[in-house]
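J.: Data: start_28.json, JSON, C-alpha atoms.
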```
[["chain", "number", "residue", "atom", "x", "y", "z"],
["A", 153, "MET", "CA", 181.27, 71.41, 200.45],
["A", 154, "SER", "CA", 179.25, 69.94, 197.61],
["A", 155, "VAL", "CA", 179.36, 71.44, 194.17],
["A", 156, "SER", "CA", 176.55, 73.72, 192.98],
["A", 157, "THR", "CA", 174.61, 72.31, 190.05],
["A", 158, "THR", "CA", 172.29, 75.28, 189.51],
["A", 159, "ALA", "CA", 173.97, 76.09, 186.18],
["A", 160, "VAL", "CA", 173.15, 72.70, 184.61],
["A", 161, "GLY", "CA", 171.04, 73.27, 181.51],
["A", 162, "LYS", "CA", 172.14, 76.88, 181.17],
["A", 163, "ARG", "CA", 172.62, 78.08, 177.57],
["A", 164, "TYR", "CA", 174.91, 80.84, 176.38],
["A", 165, "PRO", "CA", 174.39, 83.20, 173.43],
["A", 166, "PRO", "CA", 175.48, 81.62, 170.11],
["A", 167, "THR", "CA", 178.56, 83.02, 168.39],
["A", 168, "VAL", "CA", 179.23, 83.25, 164.66],
["A", 169, "TYR", "CA", 182.70, 82.47, 163.26],
["A", 170, "ALA", "CA", 183.66, 83.32, 159.67],
["A", 171, "VAL", "CA", 186.08, 80.68, 158.38],
["A", 172, "GLY", "CA", 189.02, 82.15, 156.45],
["A", 173, "ARG", "CA", 191.54, 80.53, 154.11],
["A", 174, "GLU", "CA", 194.62, 81.83, 155.88],
["A", 175, "LYS", "CA", 193.31, 80.69, 159.29],
["A", 176, "ILE", "CA", 192.81, 77.21, 157.88],
["A", 177, "ARG", "CA", 196.38, 77.25, 156.51],
["A", 178, "GLU", "CA", 197.78, 78.57, 159.81],
["A", 179, "TYR", "CA", 195.93, 75.90, 161.81],
["A", 180, "ALA", "CA", 196.90, 73.12, 159.37],
["A", 181, "MET", "CA", 200.57, 74.14, 159.61],
["A", 182, "ALA", "CA", 200.47, 74.16, 163.42],
["A", 183, "VAL", "CA", 199.09, 70.63, 163.63],
["A", 184, "GLY", "CA", 201.22, 69.20, 160.81],
["A", 185, "GLU", "CA", 198.44, 68.62, 158.27],
["A", 186, "THR", "CA", 200.03, 68.26, 154.82],
["A", 187, "ASN", "CA", 196.94, 67.19, 152.83],
["A", 188, "PRO", "CA", 196.64, 69.67, 149.90],
["A", 189, "LEU", "CA", 192.91, 70.03, 150.66],
["A", 190, "HIS", "CA", 193.94, 72.25, 153.59],
["A", 191, "HIS", "CA", 196.51, 74.35, 151.70],
["A", 192, "ASP", "CA", 195.79, 74.45, 147.97],
["A", 193, "VAL", "CA", 192.50, 76.00, 146.78],
["A", 194, "GLU", "CA", 192.77, 74.40, 143.34],
["A", 195, "ALA", "CA", 193.30, 70.96, 144.87],
["A", 196, "ALA", "CA", 190.28, 71.47, 147.12],
["A", 197, "ARG", "CA", 188.12, 72.56, 144.17],
["A", 198, "ALA", "CA", 189.35, 69.67, 142.04],
["A", 199, "ALA", "CA", 188.18, 67.36, 144.83],
["A", 200, "GLY", "CA", 184.73, 68.90, 144.72],
["A", 201, "TYR", "CA", 184.90, 71.34, 147.62],
["A", 202, "ALA", "CA", 183.96, 75.01, 147.29],
["A", 203, "ASP", "CA", 187.21, 76.21, 148.88],
["A", 204, "LEU", "CA", 190.00, 75.17, 151.26],
["A", 205, "VAL", "CA", 188.84, 72.40, 153.60],
["A", 206, "ALA", "CA", 189.27, 72.85, 157.36],
["A", 207, "PRO", "CA", 190.78, 69.84, 159.16],
["A", 208, "PRO", "CA", 188.10, 68.27, 161.39],
["A", 209, "MET", "CA", 189.90, 69.43, 164.56],
["A", 210, "PHE", "CA", 189.63, 73.04, 163.31],
["A", 211, "CYS", "CA", 186.36, 72.88, 165.24],
["A", 212, "VAL", "CA", 188.34, 74.02, 168.30],
["A", 213, "VAL", "CA", 188.92, 77.34, 166.50],
["A", 214, "TYR", "CA", 185.30, 78.08, 165.60],
["A", 215, "CYS", "CA", 184.00, 76.80, 168.95],
["A", 216, "ALA", "CA", 186.40, 78.76, 171.14],
["A", 217, "PRO", "CA", 184.50, 82.08, 171.20],
["A", 218, "ALA", "CA", 181.32, 80.27, 172.22],
["A", 219, "LEU", "CA", 182.96, 78.40, 175.11],
["A", 220, "GLY", "CA", 184.43, 81.35, 176.98],
["A", 221, "PRO", "CA", 181.25, 82.66, 178.65],
["A", 222, "GLY", "CA", 180.46, 79.27, 180.20],
["A", 223, "LEU", "CA", 184.00, 78.62, 181.36],
["A", 224, "PHE", "CA", 184.12, 82.01, 183.06],
["A", 225, "ASP", "CA", 180.52, 82.00, 184.36],
["A", 226, "PRO", "CA", 180.56, 82.54, 188.16],
["A", 227, "GLU", "CA", 177.40, 80.45, 188.42],
["A", 228, "VAL", "CA", 179.34, 77.50, 186.93],
["A", 229, "GLY", "CA", 182.19, 78.29, 189.31],
["A", 230, "ILE", "CA", 185.27, 76.74, 187.70],
["A", 231, "ASP", "CA", 188.50, 77.26, 189.67],
["A", 232, "PHE", "CA", 190.95, 77.76, 186.79],
["A", 233, "ALA", "CA", 194.08, 77.25, 188.86],
["A", 234, "ARG", "CA", 192.98, 73.65, 189.45],
["A", 235, "MET", "CA", 191.35, 72.90, 186.12],
["A", 236, "VAL", "CA", 192.57, 70.31, 183.64],
["A", 237, "HIS", "CA", 191.06, 69.25, 180.32],
["A", 238, "GLY", "CA", 189.86, 65.75, 181.15],
["A", 239, "GLY", "CA", 188.21, 64.54, 178.01],
["A", 240, "GLN", "CA", 186.91, 65.59, 174.65],
["A", 241, "GLN", "CA", 184.48, 64.19, 172.15],
["A", 242, "PHE", "CA", 183.60, 65.48, 168.70],
["A", 243, "ARG", "CA", 181.10, 64.19, 166.16],
["A", 244, "TRP", "CA", 181.33, 65.74, 162.72],
["A", 245, "GLY", "CA", 178.88, 66.38, 159.91],
["A", 246, "PRO", "CA", 179.75, 67.89, 156.51],
["A", 247, "LEU", "CA", 183.28, 69.31, 156.22],
["A", 248, "VAL", "CA", 183.76, 73.02, 156.88],
["A", 249, "VAL", "CA", 185.36, 75.07, 154.10],
["A", 250, "ALA", "CA", 186.73, 78.60, 153.82],
["A", 251, "GLY", "CA", 183.88, 81.06, 153.42],
["A", 252, "ASP", "CA", 181.55, 79.17, 155.75],
["A", 253, "GLU", "CA", 179.93, 80.98, 158.66],
["A", 254, "ILE", "CA", 179.65, 78.69, 161.65],
["A", 255, "THR", "CA", 177.19, 79.38, 164.47],
["A", 256, "THR", "CA", 178.02, 77.65, 167.75],
["A", 257, "ALA", "CA", 175.75, 77.35, 170.78],
["A", 258, "VAL", "CA", 177.08, 76.09, 174.12],
["A", 259, "SER", "CA", 175.20, 74.69, 177.10],
["A", 260, "VAL", "CA", 176.11, 73.20, 180.47],
["A", 261, "THR", "CA", 175.41, 69.45, 180.28],
["A", 262, "SER", "CA", 176.38, 68.33, 183.76],
["A", 263, "ILE", "CA", 178.23, 69.30, 186.91],
["A", 264, "SER", "CA", 179.19, 66.57, 189.32],
["A", 265, "GLU", "CA", 181.65, 65.60, 192.02],
["A", 266, "ASP", "CA", 183.41, 62.30, 192.50],
["A", 267, "GLY", "CA", 186.28, 61.51, 194.83],
["A", 268, "GLY", "CA", 187.09, 65.16, 195.43],
["A", 269, "ARG", "CA", 187.14, 65.96, 191.72],
["A", 270, "ARG", "CA", 184.57, 68.19, 190.11],
["A", 271, "TYR", "CA", 183.47, 67.47, 186.57],
["A", 272, "PHE", "CA", 182.12, 70.27, 184.41],
["A", 273, "VAL", "CA", 180.73, 69.10, 181.08],
["A", 274, "PHE", "CA", 179.72, 71.46, 178.26],
["A", 275, "GLU", "CA", 178.13, 70.68, 174.92],
["A", 276, "SER", "CA", 178.71, 72.73, 171.77],
["A", 277, "VAL", "CA", 176.54, 72.47, 168.66],
["A", 278, "SER", "CA", 177.92, 74.10, 165.51],
["A", 279, "THR", "CA", 175.92, 74.67, 162.34],
["A", 280, "ASN", "CA", 176.89, 76.13, 159.00],
["A", 281, "GLN", "CA", 175.04, 78.78, 156.99],
["A", 282, "ALA", "CA", 172.97, 76.08, 155.27],
["A", 283, "GLY", "CA", 171.73, 74.78, 158.61],
["A", 284, "ASP", "CA", 173.79, 71.57, 158.57],
["A", 285, "THR", "CA", 175.20, 70.45, 161.91],
["A", 286, "VAL", "CA", 178.95, 70.37, 161.24],
["A", 287, "CYS", "CA", 180.18, 69.48, 164.73],
["A", 288, "VAL", "CA", 178.82, 68.48, 168.13],
["A", 289, "GLY", "CA", 181.41, 68.69, 170.91],
["A", 290, "THR", "CA", 181.39, 67.40, 174.48],
["A", 291, "TRP", "CA", 183.99, 69.20, 176.61],
["A", 292, "THR", "CA", 184.88, 67.71, 179.99],
["A", 293, "ASN", "CA", 186.87, 69.86, 182.39],
["A", 294, "ILE", "CA", 188.05, 68.47, 185.72],
["A", 295, "VAL", "CA", 188.80, 70.62, 188.75],
["A", 296, "ARG", "CA", 191.06, 68.87, 191.22],
["A", 297, "GLY", "CA", 190.08, 68.79, 194.89],
["A", 298, "ALA", "CA", 190.37, 72.04, 196.80],
["B", 831, "MET", "CA", 190.29, 55.80, 148.81],
["B", 832, "SER", "CA", 193.08, 54.51, 150.97],
["B", 833, "GLU", "CA", 194.80, 51.17, 150.78],
["B", 834, "THR", "CA", 194.75, 50.74, 154.52],
["B", 835, "ASP", "CA", 193.47, 47.45, 155.90],
["B", 836, "PHE", "CA", 190.34, 48.13, 157.96],
["B", 837, "THR", "CA", 189.56, 44.61, 159.12],
["B", 838, "PRO", "CA", 189.10, 44.05, 162.87],
["B", 839, "GLY", "CA", 192.44, 43.70, 164.64],
["B", 840, "ALA", "CA", 194.38, 45.48, 161.90],
["B", 841, "ALA", "CA", 196.86, 48.16, 162.98],
["B", 842, "LEU", "CA", 196.63, 51.48, 161.14],
["B", 843, "PRO", "CA", 199.90, 53.18, 160.13],
["B", 844, "GLU", "CA", 201.68, 54.66, 163.14],
["B", 845, "LEU", "CA", 202.09, 58.44, 163.27],
["B", 846, "LYS", "CA", 205.26, 59.85, 164.80],
["B", 847, "VAL", "CA", 205.82, 63.56, 165.32],
["B", 848, "THR", "CA", 208.24, 65.56, 167.43],
["B", 849, "PRO", "CA", 206.86, 68.97, 168.46],
["B", 850, "ASP", "CA", 209.69, 71.46, 168.20],
["B", 851, "ARG", "CA", 210.60, 73.99, 170.87],
["B", 852, "PHE", "CA", 208.26, 76.68, 169.54],
["B", 853, "LEU", "CA", 205.35, 74.46, 168.49],
["B", 854, "THR", "CA", 203.22, 75.47, 171.46],
["B", 855, "VAL", "CA", 203.61, 79.13, 170.49],
["B", 856, "ARG", "CA", 202.46, 78.46, 166.93],
["B", 857, "TYR", "CA", 199.57, 76.32, 168.14],
["B", 858, "ALA", "CA", 198.56, 79.00, 170.65],
["B", 859, "GLY", "CA", 198.31, 81.49, 167.81],
["B", 860, "ALA", "CA", 196.51, 79.09, 165.51],
["B", 861, "SER", "CA", 193.99, 77.94, 168.11],
["B", 862, "GLY", "CA", 193.61, 81.05, 170.25],
["B", 863, "ASP", "CA", 194.53, 79.17, 173.45],
["B", 864, "PHE", "CA", 197.19, 81.36, 175.07],
["B", 865, "ASN", "CA", 197.12, 79.74, 178.51],
["B", 866, "PRO", "CA", 200.63, 80.57, 179.82],
["B", 867, "ILE", "CA", 201.27, 76.99, 180.96],
["B", 868, "HIS", "CA", 201.81, 76.25, 177.25],
["B", 869, "ILE", "CA", 204.00, 79.18, 176.27],
["B", 870, "ASP", "CA", 205.73, 80.65, 179.35],
["B", 871, "GLU", "CA", 208.44, 78.43, 180.87],
["B", 872, "GLU", "CA", 208.72, 80.42, 184.10],
["B", 873, "PHE", "CA", 204.97, 80.56, 184.66],
["B", 874, "ALA", "CA", 204.65, 76.82, 184.06],
["B", 875, "LYS", "CA", 207.33, 76.10, 186.65],
["B", 876, "GLN", "CA", 205.73, 78.49, 189.15],
["B", 877, "VAL", "CA", 202.51, 76.45, 189.03],
["B", 878, "GLY", "CA", 204.36, 73.19, 189.62],
["B", 879, "LEU", "CA", 204.79, 71.88, 186.09],
["B", 880, "PRO", "CA", 208.14, 70.63, 184.78],
["B", 881, "GLY", "CA", 208.01, 73.36, 182.15],
["B", 882, "ARG", "CA", 205.76, 74.34, 179.26],
["B", 883, "ILE", "CA", 203.36, 71.55, 178.32],
["B", 884, "LEU", "CA", 201.67, 70.69, 175.04],
["B", 885, "HIS", "CA", 198.05, 71.69, 174.42],
["B", 886, "GLY", "CA", 195.92, 68.57, 174.85],
["B", 887, "LEU", "CA", 193.93, 69.55, 171.78],
["B", 888, "TRP", "CA", 197.13, 69.68, 169.69],
["B", 889, "THR", "CA", 197.84, 66.11, 170.73],
["B", 890, "MET", "CA", 194.23, 65.19, 169.93],
["B", 891, "ALA", "CA", 194.78, 66.74, 166.48],
["B", 892, "GLN", "CA", 197.69, 64.31, 165.99],
["B", 893, "VAL", "CA", 195.38, 61.41, 166.87],
["B", 894, "ALA", "CA", 192.87, 62.81, 164.36],
["B", 895, "ARG", "CA", 195.56, 63.17, 161.69],
["B", 896, "ALA", "CA", 196.65, 59.55, 162.14],
["B", 897, "GLN", "CA", 193.05, 58.56, 161.36],
["B", 898, "THR", "CA", 192.47, 60.85, 158.36],
["B", 899, "GLU", "CA", 195.84, 59.91, 156.81],
["B", 900, "ALA", "CA", 195.00, 56.23, 157.19],
["B", 901, "ALA", "CA", 191.48, 56.63, 155.82],
["B", 902, "GLY", "CA", 192.31, 58.79, 152.82],
["B", 903, "GLY", "CA", 191.19, 62.26, 153.89],
["B", 904, "PRO", "CA", 189.36, 64.50, 156.35],
["B", 905, "HIS", "CA", 185.90, 63.41, 155.11],
["B", 906, "ALA", "CA", 186.38, 59.98, 156.68],
["B", 907, "LEU", "CA", 186.62, 61.10, 160.32],
["B", 908, "LYS", "CA", 183.08, 61.04, 161.73],
["B", 909, "ALA", "CA", 183.80, 61.08, 165.46],
["B", 910, "LEU", "CA", 186.68, 61.11, 167.92],
["B", 911, "GLU", "CA", 186.55, 60.74, 171.68],
["B", 912, "VAL", "CA", 189.64, 60.98, 173.91],
["B", 913, "GLN", "CA", 190.71, 61.14, 177.53],
["B", 914, "PHE", "CA", 193.70, 63.30, 178.40],
["B", 915, "ARG", "CA", 196.19, 61.86, 180.89],
["B", 916, "GLY", "CA", 199.46, 63.17, 182.21],
["B", 917, "MET", "CA", 201.00, 65.90, 180.09],
["B", 918, "GLY", "CA", 202.89, 66.17, 176.85],
["B", 919, "VAL", "CA", 206.05, 68.23, 176.50],
["B", 920, "PRO", "CA", 207.84, 69.86, 173.55],
["B", 921, "GLU", "CA", 210.97, 68.35, 171.97],
["B", 922, "ALA", "CA", 210.06, 64.70, 172.58],
["B", 923, "GLU", "CA", 208.55, 62.33, 170.04],
["B", 924, "VAL", "CA", 204.81, 61.60, 170.19],
["B", 925, "THR", "CA", 203.62, 58.29, 168.74],
["B", 926, "VAL", "CA", 200.01, 57.59, 167.79],
["B", 927, "THR", "CA", 199.02, 53.95, 167.42],
["B", 928, "SER", "CA", 195.61, 52.77, 166.24],
["B", 929, "THR", "CA", 193.89, 49.40, 165.99],
["B", 930, "VAL", "CA", 190.61, 48.59, 164.25],
["B", 931, "ARG", "CA", 188.13, 47.14, 166.77],
["B", 932, "GLU", "CA", 185.15, 46.47, 164.54],
["B", 933, "VAL", "CA", 183.59, 47.45, 161.24],
["B", 934, "SER", "CA", 179.85, 47.84, 160.88],
["B", 935, "ALA", "CA", 177.75, 49.47, 158.14],
["B", 936, "GLY", "CA", 180.80, 51.09, 156.55],
["B", 937, "ILE", "CA", 182.07, 52.60, 159.81],
["B", 938, "ALA", "CA", 185.31, 51.37, 161.38],
["B", 939, "SER", "CA", 185.62, 51.85, 165.13],
["B", 940, "VAL", "CA", 189.29, 52.35, 165.94],
["B", 941, "ASP", "CA", 190.98, 52.22, 169.35],
["B", 942, "THR", "CA", 193.84, 54.69, 169.46],
["B", 943, "VAL", "CA", 196.38, 56.08, 171.91],
["B", 944, "ALA", "CA", 199.10, 58.77, 171.92],
["B", 945, "GLU", "CA", 202.28, 58.09, 173.87],
["B", 946, "GLN", "CA", 205.34, 60.11, 174.74],
["B", 947, "ASN", "CA", 208.37, 59.03, 176.77],
["B", 948, "GLY", "CA", 206.71, 55.67, 177.34],
["B", 949, "ALA", "CA", 203.51, 57.02, 178.89],
["B", 950, "ALA", "CA", 200.06, 57.57, 177.40],
["B", 951, "ILE", "CA", 199.14, 61.24, 177.10],
["B", 952, "ILE", "CA", 195.88, 60.37, 175.32],
["B", 953, "ARG", "CA", 194.24, 57.08, 176.17],
["B", 954, "ASN", "CA", 190.89, 55.33, 175.88],
["B", 955, "ALA", "CA", 190.42, 57.09, 172.57],
["B", 956, "THR", "CA", 187.98, 55.88, 169.95],
["B", 957, "ALA", "CA", 187.61, 57.09, 166.37],
["B", 958, "GLU", "CA", 184.82, 56.37, 163.92],
["B", 959, "LEU", "CA", 185.98, 56.27, 160.31],
["B", 960, "ALA", "CA", 183.86, 55.98, 157.19],
["B", 961, "VAL", "CA", 185.53, 53.21, 155.20],
["B", 962, "GLY", "CA", 182.66, 52.05, 153.00]]
```
Could I get this file's structure written as structure tokens?

T.:
Amino acid sequence: MSVSTTAVGKRYPPTVYAVGREKIREYAMAVGETNPLHHDVEAARAAGYADLVAPPMFCVVYCAPALGPGLFDPEVGIDFARMVHGGQQFRWGPLVVAGDEITTAVSVTSISEDGGRRYFVFESVSTNQAGDTVCVGTWTNIVRGA
Amino acid sequence: MSETDFTPGAALPELKVTPDRFLTVRYAGASGDFNPIHIDEEFAKQVGLPGRILHGLWTMAQVARAQTEAAGGPHALKALEVQFRGMGVPEAEVTVTSTVREVSAGIASVDTVAEQNGAAIIRNATAELAVG
């Protein structure tokens, strides 16, 4: 049975994530980031930032609420029991700091099948309150052959 | 600015980190990814895994950290692309190695890989670092 591609191009409602200091600290601790920019407000300000700086990979935190609807969309049709995270790409703009409000919009980029594997690719575009694009993500999920 | 050598062929400093037994629980809380294959030993075994496995995005964060530490801060990391292969596990050392491929217009393209127990768990990864 070939994979349905009717969901390609589909867009999901944008989500807004308010970036908090303690969430940045919690995330930085979990991934082993020791740079004071992620922990010490005074150090961040001394370096010219408005507040604590989020590590670039913090994008997974502010993108997560926007990704759920696509991953669980029956029209996309991902079989979670067989899904693995195949690949990931991020391109970053200005750094995100505590106090930012990040809007993320997700769309289905492609759905394809190759050698019994199904590839589901989503794109996320995240912008801050000033309208700067802070992160564009390409999320590739692979569903192993049924 | 960092003192790292960003000429083509140069190796960036290696990053070594051993995720402790409860790392996946802390990362689940920090990231919001509570998939039980990462935090529930019995569930992981029921679905055919050797036990709880690392979050791929945690491992990607280690690859990112190796780049930002080499380049002098988070501002330098402009892009990162990875492929996940195999699976990482807690309580075993992860090593990130990185080699500069080329430098053009102040951007270093870096080939990088994360290995554990002798196998790549992230491969074909490329970072773009502002080094100008």

J.: For Arg296 (chain A), please output as a PyMOL selection string all residues within 7 Å (counting all atoms listed in the file; exclusion window: fewer than 3 positions along the same chain).

T.: chain A and resi 234-235+268-270

J.: In Å, rounded to a single decimal, give me how far CA of Ser262 (chain A) is from CA of Val893 (chain B).

T.: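 Computed distance, CA of Val893 (chain B) to CA of Ser262 (chain A), equals 26.3 Å.
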
J.: Interatomic distance between CA of Phe274 (chain A) and CA of Gly222 (chain A)?

T.: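 Distance between the two atoms: 8.1 Å.
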
J.: Rounded to one decimal, what separation in Å do you get between CA of Phe852 (chain B) and CA of Val212 (chain A)?

T.: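 Going from CA of Phe852 (chain B) over to CA of Val212 (chain A) covers 20.1 Å.
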
J.: At most 6 Å is the cut-off: for each residue in chain A with any atom that close to an atom of chain B, write down the nearest atom pair and the distance in Å rounded to one decimal, counting only C-alpha atoms, chain first then increasing number, as a tab-separated table.

T.:
```
residue	atom	partner	partner_atom	distance
A:Glu178	CA	B:Ala860	CA	5.9
A:Tyr179	CA	B:Ala860	CA	4.9
A:Ala182	CA	B:Tyr857	CA	5.3
A:Met209	CA	B:Ala891	CA	5.9
A:Val213	CA	B:Ser861	CA	5.4
A:Gly238	CA	B:Phe914	CA	5.3
A:Gly239	CA	B:Gln913	CA	4.2
A:Gln240	CA	B:Val912	CA	5.4
A:Gln241	CA	B:Glu911	CA	4.1
A:Phe242	CA	B:Leu910	CA	5.4
A:Arg243	CA	B:Ala909	CA	4.2
A:Trp244	CA	B:Lys908	CA	5.1
```

J.: Near region 939-948 of chain B, within 7 Å and counting all atoms listed in the file, which residues show up once chain neighbours fewer than 6 positions away are dropped, as number ranges by chain?

T.: B: 893, 918, 922-933, 954-959

J.: Cys215 (chain A): which residues within 7 Å, counting only C-alpha atoms, same-chain residues fewer than 4 positions away excluded, as a ChimeraX atom specification?

T.: /A:211,219,256

J.: Which residue gives the smallest distance to Thr158 (chain A) among A:Ile294, A:Lys175, A:Pro226, A:Ala257, with only C-alpha atoms counted?

T.: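 Of the candidates, the smallest distance to Thr158 (chain A) is held by A:Pro226.
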
J.: Would you mind listing what lies within 7 Å of Tyr271 (chain A) as a list in words, with all atoms listed in the file counted and same-chain residues fewer than 2 positions away left out?

T.: Ile263, Ser264, Glu265, Arg269, Val273, Thr292, Asn293, Ile294 and Val295 of chain A

J.: Please identify all polymer residues within 7 Å of region 187-198 of chain A, counting all atoms listed in the file, omitting same-chain residues fewer than 5 positions from it, and present them as a list in words.

T.: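 Residues meeting the cut-off are Ile176, Arg177, Ala180, Asp203, Leu204, Val205, Ala206 and Pro207 of chain A.
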